Amino acid sequence: MNAKAMSAAASGVLAQRPDFRAIARWIEPNATVLDLGCADGSLLRVLQDELDVQAYGIEIRDEGVLACAQKGVHVIQQDLEGGLALFEDKSFDTVILSQTLQTIHNTAQVLRETLRVGRECIVSFPNFGYWPHRMSIFRGRMPVSEALPYQWYDTPNVRVLTISDFEALAPKVGLRIVDRVVMHEGVTVNWGVNWRGSLAVYRVCGR
């Protein structure tokens with residue numbers, strides 16, 4: 001694929017995932033980046049193409065690992081629940097948890113490990129407090145939306161959290177919030193974020 005085609009593909013990925021745009025703004029050129037739960041490697045491919053980062057991913061699913069390899073993304077097949085013992089302290093400039101937090105059982109431990117191996121971290125997740133989600137619960141059904149696209153019986157999500165929940169947890173696990181973007185359908189939400197925003201993206205570091 002030539003440079004023009006690669007750039008067009010990267011722009012397409014950024015358009016599909018609004019949190020990717022926020023994440024890319026917080027990554028320095030030539031940085032070292034680790035993406036935990038990197039799926040098919042799309043975000044890392046964008047960061048490699050746009051910012052020339054040294055990118056590495058961790059993914060458990062066979063199909064995700066294969067897709068990363070096909071994109072030329074360095075990937076390690078591993079379960080995040082087991083920790084990140086193979087990485088030394090502050091091995092990376094930035095560690096990313098992009099819509100992965102809600103799929104993890106050992107949430108606090110993974111966040112601590114993320115902070116240990118990265119100088120700073122970026123965390124994004126769907127906001128369960130978004131008002132249509134609340135209305136769905138009020139009507140007696142689990143919410144299904146663009147941010148939470150699965151039915152209750154086939155979802156990979158094992159946690160549901162709100163923006164307020166994450167901000168309450170952060171100091172307990174040693175995280176200091178540096179910046180935050182809350183959005184819905186790619187549009188930034190500036191007030192009433194815990195009920196008006198469907199997706200939250202945080203930039204955090206150690207306290």
# chains A, B, ... in the order shown; residues from 1 in each chain; ligands from 1
call {"tool": "residues_around", "arguments": {"residues": "Val53 (chain A)", "least_positions_apart": "3", "cutoff": "9 Å", "atoms": "only C-alpha atoms", "output": "number ranges by chain"}}
result
A: 27-33, 44, 47-50
call {"tool": "write_last_selection", "arguments": {"atoms": "N, CA, C and O atoms", "output": "compact mmCIF listing (two decimals), in the first residue's frame"}}
result
# COMPACT_ATOMS: atom_id res chain seq x y z
N ILE A 27 -0.66 11.56 22.02
CA ILE A 27 0.55 10.77 21.78
C ILE A 27 1.60 11.64 21.09
O ILE A 27 1.31 12.30 20.11
N GLU A 28 2.81 11.62 21.64
CA GLU A 28 3.90 12.39 21.05
C GLU A 28 4.52 11.61 19.88
O GLU A 28 4.59 10.38 19.91
N PRO A 29 4.97 12.31 18.84
CA PRO A 29 5.68 11.63 17.74
C PRO A 29 6.89 10.85 18.26
O PRO A 29 7.57 11.30 19.20
N ASN A 30 7.12 9.70 17.69
CA ASN A 30 8.25 8.82 18.02
C ASN A 30 8.19 8.24 19.43
O ASN A 30 9.18 7.69 19.92
N ALA A 31 7.03 8.32 20.06
CA ALA A 31 6.88 7.76 21.40
C ALA A 31 6.85 6.23 21.35
O ALA A 31 6.61 5.63 20.30
N THR A 32 7.08 5.61 22.50
CA THR A 32 6.87 4.17 22.64
C THR A 32 5.48 3.95 23.24
O THR A 32 5.13 4.57 24.24
N VAL A 33 4.70 3.10 22.59
CA VAL A 33 3.28 2.94 22.94
C VAL A 33 2.94 1.46 23.08
O VAL A 33 3.32 0.64 22.24
N LEU A 44 -3.03 1.11 16.67
CA LEU A 44 -1.57 1.13 16.59
C LEU A 44 -1.08 1.38 15.17
O LEU A 44 -0.08 2.07 14.96
N LEU A 47 -1.31 5.08 14.64
CA LEU A 47 -0.26 5.79 15.37
C LEU A 47 1.10 5.60 14.71
O LEU A 47 1.92 6.53 14.67
N GLN A 48 1.34 4.40 14.18
CA GLN A 48 2.58 4.17 13.45
C GLN A 48 2.65 5.05 12.20
O GLN A 48 3.68 5.66 11.91
N ASP A 49 1.56 5.10 11.46
CA ASP A 49 1.54 5.84 10.21
C ASP A 49 1.59 7.35 10.43
O ASP A 49 2.28 8.07 9.70
N GLU A 50 0.82 7.84 11.41
CA GLU A 50 0.68 9.27 11.59
C GLU A 50 1.78 9.87 12.47
O GLU A 50 2.17 11.03 12.26
call {"tool": "residues_around", "arguments": {"residues": "Pro143 (chain A)", "least_positions_apart": "2", "cutoff": "12 Å", "atoms": "only C-alpha atoms", "output": "mmCIF file with N, CA, C and O atoms, in the first residue's frame"}}
result
data_model
loop_
_atom_site.group_PDB
_atom_site.id
_atom_site.type_symbol
_atom_site.label_atom_id
_atom_site.label_comp_id
_atom_site.auth_asym_id
_atom_site.auth_seq_id
_atom_site.Cartn_x
_atom_site.Cartn_y
_atom_site.Cartn_z
ATOM 1 N N PRO A 126 -17.012 2.936 27.394
ATOM 2 C CA PRO A 126 -18.402 3.383 27.221
ATOM 3 C C PRO A 126 -18.993 3.741 28.576
ATOM 4 O O PRO A 126 -18.770 3.035 29.571
ATOM 5 N N ASN A 127 -19.730 4.835 28.624
ATOM 6 C CA ASN A 127 -20.303 5.327 29.869
ATOM 7 C C ASN A 127 -21.688 4.717 30.106
ATOM 8 O O ASN A 127 -22.642 5.025 29.389
ATOM 9 N N PHE A 128 -21.775 3.863 31.114
ATOM 10 C CA PHE A 128 -23.047 3.210 31.421
ATOM 11 C C PHE A 128 -24.073 4.200 31.977
ATOM 12 O O PHE A 128 -25.272 3.915 31.995
ATOM 13 N N GLY A 129 -23.591 5.375 32.415
ATOM 14 C CA GLY A 129 -24.500 6.381 32.953
ATOM 15 C C GLY A 129 -25.180 7.239 31.903
ATOM 16 O O GLY A 129 -26.006 8.096 32.251
ATOM 17 N N TYR A 130 -24.851 7.026 30.619
ATOM 18 C CA TYR A 130 -25.480 7.780 29.532
ATOM 19 C C TYR A 130 -27.005 7.643 29.636
ATOM 20 O O TYR A 130 -27.514 6.542 29.858
ATOM 21 N N TRP A 131 -27.748 8.740 29.441
ATOM 22 C CA TRP A 131 -29.162 8.745 29.810
ATOM 23 C C TRP A 131 -30.023 7.691 29.111
ATOM 24 O O TRP A 131 -30.911 7.098 29.758
ATOM 25 N N PRO A 132 -29.812 7.367 27.812
ATOM 26 C CA PRO A 132 -30.619 6.282 27.237
ATOM 27 C C PRO A 132 -30.341 4.924 27.898
ATOM 28 O O PRO A 132 -31.236 4.074 27.962
ATOM 29 N N HIS A 133 -29.117 4.724 28.372
ATOM 30 C CA HIS A 133 -28.823 3.492 29.105
ATOM 31 C C HIS A 133 -29.631 3.450 30.405
ATOM 32 O O HIS A 133 -30.170 2.410 30.786
ATOM 33 N N ARG A 134 -29.690 4.593 31.077
ATOM 34 C CA ARG A 134 -30.480 4.661 32.310
ATOM 35 C C ARG A 134 -31.961 4.386 32.028
ATOM 36 O O ARG A 134 -32.628 3.683 32.791
ATOM 37 N N MET A 135 -32.463 4.947 30.918
ATOM 38 C CA MET A 135 -33.866 4.732 30.574
ATOM 39 C C MET A 135 -34.140 3.269 30.253
ATOM 40 O O MET A 135 -35.200 2.733 30.608
ATOM 41 N N SER A 136 -33.194 2.613 29.603
ATOM 42 C CA SER A 136 -33.366 1.197 29.285
ATOM 43 C C SER A 136 -33.470 0.366 30.562
ATOM 44 O O SER A 136 -34.330 -0.516 30.671
ATOM 45 N N ILE A 137 -32.601 0.658 31.535
ATOM 46 C CA ILE A 137 -32.661 -0.039 32.823
ATOM 47 C C ILE A 137 -33.997 0.249 33.506
ATOM 48 O O ILE A 137 -34.636 -0.648 34.083
ATOM 49 N N PHE A 138 -34.444 1.512 33.449
ATOM 50 C CA PHE A 138 -35.719 1.893 34.051
ATOM 51 C C PHE A 138 -36.872 1.087 33.457
ATOM 52 O O PHE A 138 -37.825 0.718 34.161
ATOM 53 N N ARG A 139 -36.754 0.777 32.150
ATOM 54 C CA ARG A 139 -37.801 -0.005 31.483
ATOM 55 C C ARG A 139 -37.636 -1.500 31.718
ATOM 56 O O ARG A 139 -38.440 -2.299 31.240
ATOM 57 N N GLY A 140 -36.577 -1.888 32.414
ATOM 58 C CA GLY A 140 -36.399 -3.290 32.764
ATOM 59 C C GLY A 140 -35.519 -4.091 31.821
ATOM 60 O O GLY A 140 -35.484 -5.326 31.919
ATOM 61 N N ARG A 141 -34.800 -3.423 30.915
ATOM 62 C CA ARG A 141 -33.946 -4.126 29.956
ATOM 63 C C ARG A 141 -32.528 -3.587 30.018
ATOM 64 O O ARG A 141 -32.308 -2.399 30.236
ATOM 65 N N SER A 145 -26.706 -0.213 22.553
ATOM 66 C CA SER A 145 -26.524 1.052 21.849
ATOM 67 C C SER A 145 -25.247 0.973 21.027
ATOM 68 O O SER A 145 -24.548 -0.049 21.021
ATOM 69 N N GLU A 146 -24.913 2.075 20.359
ATOM 70 C CA GLU A 146 -23.663 2.122 19.606
ATOM 71 C C GLU A 146 -22.472 1.960 20.543
ATOM 72 O O GLU A 146 -21.489 1.306 20.209
ATOM 73 N N ALA A 147 -22.563 2.542 21.744
ATOM 74 C CA ALA A 147 -21.479 2.437 22.714
ATOM 75 C C ALA A 147 -21.448 1.064 23.385
ATOM 76 O O ALA A 147 -20.376 0.566 23.738
ATOM 77 N N LEU A 148 -22.614 0.465 23.564
ATOM 78 C CA LEU A 148 -22.732 -0.874 24.166
ATOM 79 C C LEU A 148 -23.522 -1.755 23.193
ATOM 80 O O LEU A 148 -24.720 -1.973 23.371
ATOM 81 N N PRO A 149 -22.869 -2.263 22.159
ATOM 82 C CA PRO A 149 -23.604 -2.883 21.051
ATOM 83 C C PRO A 149 -24.018 -4.333 21.257
ATOM 84 O O PRO A 149 -24.608 -4.921 20.351
ATOM 85 N N TYR A 150 -23.739 -4.924 22.413
ATOM 86 C CA TYR A 150 -24.013 -6.349 22.605
ATOM 87 C C TYR A 150 -25.269 -6.575 23.439
ATOM 88 O O TYR A 150 -25.672 -5.740 24.249
ATOM 89 N N GLN A 151 -25.884 -7.733 23.230
ATOM 90 C CA GLN A 151 -26.955 -8.183 24.112
ATOM 91 C C GLN A 151 -26.340 -8.679 25.417
ATOM 92 O O GLN A 151 -25.164 -9.021 25.481
ATOM 93 N N TRP A 152 -27.140 -8.749 26.465
ATOM 94 C CA TRP A 152 -26.623 -9.138 27.778
ATOM 95 C C TRP A 152 -26.000 -10.517 27.762
ATOM 96 O O TRP A 152 -25.059 -10.802 28.516
ATOM 97 N N TYR A 153 -26.465 -11.399 26.870
ATOM 98 C CA TYR A 153 -26.029 -12.797 26.887
ATOM 99 C C TYR A 153 -24.802 -13.051 26.020
ATOM 100 O O TYR A 153 -24.218 -14.142 26.084
ATOM 101 N N THR A 155 -22.300 -10.368 25.489
ATOM 102 C CA THR A 155 -21.377 -9.254 25.636
ATOM 103 C C THR A 155 -20.025 -9.705 26.193
ATOM 104 O O THR A 155 -19.975 -10.567 27.077
ATOM 105 N N VAL A 160 -19.696 -2.839 34.273
ATOM 106 C CA VAL A 160 -20.373 -1.639 33.784
ATOM 107 C C VAL A 160 -19.965 -0.499 34.713
ATOM 108 O O VAL A 160 -19.980 -0.639 35.925
ATOM 109 N N SER A 198 -21.692 9.372 25.964
ATOM 110 C CA SER A 198 -21.730 7.908 25.831
ATOM 111 C C SER A 198 -20.339 7.283 25.860
ATOM 112 O O SER A 198 -20.214 6.066 26.001
#
call {"tool": "residues_around", "arguments": {"residues": "region 61-74 of chain A", "least_positions_apart": "2", "cutoff": "7 Å", "atoms": "only C-alpha atoms", "output": "JSON, numbers by chain"}}
result
{"A": [39, 40, 41, 44, 45, 55, 56, 57, 59, 77]}
call {"tool": "write_last_selection", "arguments": {"atoms": "C-alpha atoms", "output": "compact mmCIF listing (two decimals), in the first residue's frame"}}
result
# COMPACT_ATOMS: atom_id res chain seq x y z
CA ALA A 39 -8.03 -5.99 19.00
CA ASP A 40 -7.10 -5.94 15.28
CA GLY A 41 -4.31 -3.37 15.75
CA LEU A 44 -1.57 1.13 16.59
CA ARG A 45 -1.41 1.10 12.79
CA ALA A 55 4.00 0.43 18.76
CA TYR A 56 3.31 -2.83 20.55
CA GLY A 57 0.03 -4.52 21.37
CA GLU A 59 -4.29 -9.26 22.47
CA GLN A 77 -0.74 -12.94 22.63
call {"tool": "residues_around", "arguments": {"residues": "Leu36 (chain A)", "least_positions_apart": "6", "cutoff": "9 Å", "atoms": "only C-alpha atoms", "output": "PDB file with N, CA and C atoms, in the first residue's frame"}}
result
ATOM      1  N   TYR A  56       3.439  -1.439  20.169  1.00  0.00           N
ATOM      2  CA  TYR A  56       3.313  -2.835  20.550  1.00  0.00           C
ATOM      3  C   TYR A  56       1.907  -3.052  21.116  1.00  0.00           C
ATOM      4  N   GLY A  57       1.353  -4.226  20.872  1.00  0.00           N
ATOM      5  CA  GLY A  57       0.026  -4.523  21.370  1.00  0.00           C
ATOM      6  C   GLY A  57      -0.013  -5.833  22.118  1.00  0.00           C
ATOM      7  N   ILE A  58      -1.006  -5.955  22.990  1.00  0.00           N
ATOM      8  CA  ILE A  58      -1.315  -7.219  23.656  1.00  0.00           C
ATOM      9  C   ILE A  58      -2.750  -7.573  23.325  1.00  0.00           C
ATOM     10  N   GLU A  59      -2.960  -8.802  22.868  1.00  0.00           N
ATOM     11  CA  GLU A  59      -4.291  -9.256  22.473  1.00  0.00           C
ATOM     12  C   GLU A  59      -4.396 -10.748  22.763  1.00  0.00           C
ATOM     13  N   LEU A  80      -4.562 -10.233  29.721  1.00  0.00           N
ATOM     14  CA  LEU A  80      -4.221  -9.108  30.598  1.00  0.00           C
ATOM     15  C   LEU A  80      -4.440  -9.417  32.065  1.00  0.00           C
ATOM     16  N   VAL A  95       0.761   3.959  27.757  1.00  0.00           N
ATOM     17  CA  VAL A  95       0.052   2.681  27.713  1.00  0.00           C
ATOM     18  C   VAL A  95      -1.433   2.986  27.543  1.00  0.00           C
ATOM     19  N   ILE A  96      -2.074   2.271  26.618  1.00  0.00           N
ATOM     20  CA  ILE A  96      -3.464   2.553  26.243  1.00  0.00           C
ATOM     21  C   ILE A  96      -4.376   1.394  26.624  1.00  0.00           C
ATOM     22  N   LEU A  97      -5.508   1.731  27.221  1.00  0.00           N
ATOM     23  CA  LEU A  97      -6.620   0.799  27.427  1.00  0.00           C
ATOM     24  C   LEU A  97      -7.819   1.387  26.687  1.00  0.00           C
ATOM     25  N   SER A  98      -7.962   1.050  25.423  1.00  0.00           N
ATOM     26  CA  SER A  98      -8.994   1.643  24.575  1.00  0.00           C
ATOM     27  C   SER A  98     -10.228   0.745  24.544  1.00  0.00           C
ATOM     28  N   THR A 100     -11.276  -1.254  26.686  1.00  0.00           N
ATOM     29  CA  THR A 100     -10.887  -2.574  27.189  1.00  0.00           C
ATOM     30  C   THR A 100     -11.214  -2.715  28.668  1.00  0.00           C
ATOM     31  N   THR A 114      -0.851  -1.005  34.473  1.00  0.00           N
ATOM     32  CA  THR A 114      -0.779  -0.067  33.354  1.00  0.00           C
ATOM     33  C   THR A 114       0.062   1.144  33.727  1.00  0.00           C
TER      34      THR A 114
END
call {"tool": "select_by_dssp", "arguments": {"residues": "region 11-100 of chain A", "states": "strand (DSSP E)", "output": "count of residues only"}}
result
22
call {"tool": "atom_distance", "arguments": {"atom1": "CA of Cys205 (chain A)", "atom2": "CA of Lys172 (chain A)"}}
result
13.0 Å
call {"tool": "closest_residue", "arguments": {"among": "A:Leu86, A:Ala24, A:Ile60, A:Leu115", "to": "Ile177 (chain A)", "atoms": "only C-alpha atoms"}}
result
A:Leu115
call {"tool": "select_by_dssp", "arguments": {"residues": "region 50-161 of chain A", "states": "alpha helix (DSSP H)", "output": "ChimeraX atom specification"}}
result
/A:50-51,62-71,107-117,131-138
call {"tool": "atom_distance", "arguments": {"atom1": "CA of Arg159 (chain A)", "atom2": "CA of Arg207 (chain A)"}}
result
24.7 Å
call {"tool": "residues_around", "arguments": {"residues": "Asn157 (chain A)", "least_positions_apart": "4", "cutoff": "8 Å", "atoms": "only C-alpha atoms", "output": "MDAnalysis selection string"}}
result
chainID A and resid 102:104
call {"tool": "write_last_selection", "arguments": {"atoms": "C-alpha atoms", "output": "short mmCIF file (atom, residue, chain, number, x, y, z; two decimals), in the first residue's frame"}}
result
data_model
loop_
_atom_site.label_atom_id
_atom_site.label_comp_id
_atom_site.auth_asym_id
_atom_site.auth_seq_id
_atom_site.Cartn_x
_atom_site.Cartn_y
_atom_site.Cartn_z
CA GLN A 102 -15.00 -2.90 30.92
CA THR A 103 -13.88 -6.36 29.73
CA ILE A 104 -11.45 -6.92 32.63
#
call {"tool": "residues_around", "arguments": {"residues": "Thr94 (chain A)", "least_positions_apart": "6", "cutoff": "7 Å", "atoms": "only C-alpha atoms", "output": "mmCIF file with C-alpha atoms, in the first residue's frame"}}
result
data_model
loop_
_atom_site.group_PDB
_atom_site.id
_atom_site.type_symbol
_atom_site.label_atom_id
_atom_site.label_comp_id
_atom_site.auth_asym_id
_atom_site.auth_seq_id
_atom_site.Cartn_x
_atom_site.Cartn_y
_atom_site.Cartn_z
ATOM 1 C CA THR A 32 6.871 4.171 22.645
ATOM 2 C CA VAL A 33 3.279 2.935 22.944
ATOM 3 C CA LEU A 34 1.684 -0.220 24.349
ATOM 4 C CA GLY A 118 3.809 3.461 31.346
ATOM 5 C CA ARG A 119 4.899 7.012 32.097
ATOM 6 C CA GLU A 120 1.322 7.971 31.391
ATOM 7 C CA CYS A 121 -1.811 6.086 30.399
#
call {"tool": "decode", "arguments": {"residues": "region 161-173 of chain A", "atoms": "all heavy atoms", "output": "compact mmCIF listing (two decimals), in the first residue's frame"}}
result
# COMPACT_ATOMS: atom_id res chain seq x y z
N LEU A 161 -19.55 0.61 34.12
CA LEU A 161 -19.09 1.74 34.93
C LEU A 161 -19.53 3.04 34.31
O LEU A 161 -19.79 3.12 33.11
CB LEU A 161 -17.57 1.71 35.09
CG LEU A 161 -16.70 2.06 33.88
CD1 LEU A 161 -15.34 2.58 34.36
CD2 LEU A 161 -16.49 0.85 32.98
N THR A 162 -19.59 4.05 35.14
CA THR A 162 -19.93 5.39 34.70
C THR A 162 -18.70 6.28 34.83
O THR A 162 -17.68 5.90 35.41
CB THR A 162 -21.07 5.99 35.54
OG1 THR A 162 -20.57 6.26 36.86
CG2 THR A 162 -22.26 5.03 35.63
N ILE A 163 -18.82 7.49 34.30
CA ILE A 163 -17.74 8.47 34.43
C ILE A 163 -17.45 8.75 35.89
O ILE A 163 -16.29 8.79 36.32
CB ILE A 163 -18.11 9.75 33.66
CG1 ILE A 163 -18.06 9.47 32.15
CG2 ILE A 163 -17.22 10.92 34.03
CD1 ILE A 163 -18.66 10.55 31.29
N SER A 164 -18.50 8.90 36.69
CA SER A 164 -18.31 9.16 38.12
C SER A 164 -17.63 7.98 38.80
O SER A 164 -16.80 8.17 39.71
CB SER A 164 -19.65 9.46 38.78
OG SER A 164 -20.20 10.67 38.28
N ASP A 165 -17.98 6.76 38.39
CA ASP A 165 -17.35 5.57 38.96
C ASP A 165 -15.84 5.58 38.71
O ASP A 165 -15.03 5.32 39.62
CB ASP A 165 -17.93 4.29 38.35
CG ASP A 165 -19.33 3.98 38.85
OD1 ASP A 165 -19.64 4.32 40.01
OD2 ASP A 165 -20.10 3.39 38.09
N PHE A 166 -15.43 5.88 37.47
CA PHE A 166 -14.00 5.87 37.15
C PHE A 166 -13.27 6.96 37.92
O PHE A 166 -12.17 6.73 38.45
CB PHE A 166 -13.79 6.07 35.65
CG PHE A 166 -12.33 6.05 35.26
CD1 PHE A 166 -11.65 4.86 35.13
CD2 PHE A 166 -11.65 7.24 35.05
CE1 PHE A 166 -10.30 4.84 34.79
CE2 PHE A 166 -10.29 7.24 34.71
CZ PHE A 166 -9.63 6.03 34.59
N GLU A 167 -13.86 8.13 38.02
CA GLU A 167 -13.19 9.22 38.72
C GLU A 167 -13.10 8.97 40.22
O GLU A 167 -12.18 9.47 40.88
CB GLU A 167 -13.89 10.54 38.41
CG GLU A 167 -13.76 10.91 36.94
CD GLU A 167 -14.27 12.29 36.58
OE1 GLU A 167 -14.79 13.00 37.49
OE2 GLU A 167 -14.16 12.67 35.40
N ALA A 168 -14.01 8.17 40.76
CA ALA A 168 -13.91 7.78 42.17
C ALA A 168 -12.83 6.72 42.37
O ALA A 168 -12.13 6.70 43.39
CB ALA A 168 -15.26 7.26 42.67
N LEU A 169 -12.67 5.82 41.39
CA LEU A 169 -11.68 4.75 41.50
C LEU A 169 -10.27 5.25 41.29
O LEU A 169 -9.33 4.77 41.93
CB LEU A 169 -11.99 3.65 40.48
CG LEU A 169 -10.98 2.51 40.37
CD1 LEU A 169 -10.91 1.73 41.68
CD2 LEU A 169 -11.31 1.59 39.20
N ALA A 170 -10.08 6.20 40.39
CA ALA A 170 -8.74 6.62 39.97
C ALA A 170 -7.79 6.90 41.14
O ALA A 170 -6.69 6.33 41.19
CB ALA A 170 -8.83 7.83 39.04
N PRO A 171 -8.14 7.76 42.10
CA PRO A 171 -7.18 8.02 43.19
C PRO A 171 -6.92 6.81 44.07
O PRO A 171 -5.85 6.69 44.66
CB PRO A 171 -7.85 9.16 43.98
CG PRO A 171 -9.30 9.08 43.63
CD PRO A 171 -9.36 8.58 42.22
N LYS A 172 -7.87 5.89 44.14
CA LYS A 172 -7.70 4.69 44.97
C LYS A 172 -6.64 3.76 44.40
O LYS A 172 -6.04 2.97 45.15
CB LYS A 172 -9.03 3.95 45.11
CG LYS A 172 -10.10 4.74 45.86
CD LYS A 172 -11.39 3.94 45.97
CE LYS A 172 -12.45 4.73 46.70
NZ LYS A 172 -13.75 3.98 46.78
N VAL A 173 -6.42 3.81 43.09
CA VAL A 173 -5.40 2.94 42.46
C VAL A 173 -4.17 3.73 42.05
O VAL A 173 -3.32 3.23 41.31
CB VAL A 173 -5.99 2.17 41.26
CG1 VAL A 173 -7.09 1.23 41.71
CG2 VAL A 173 -6.49 3.12 40.17
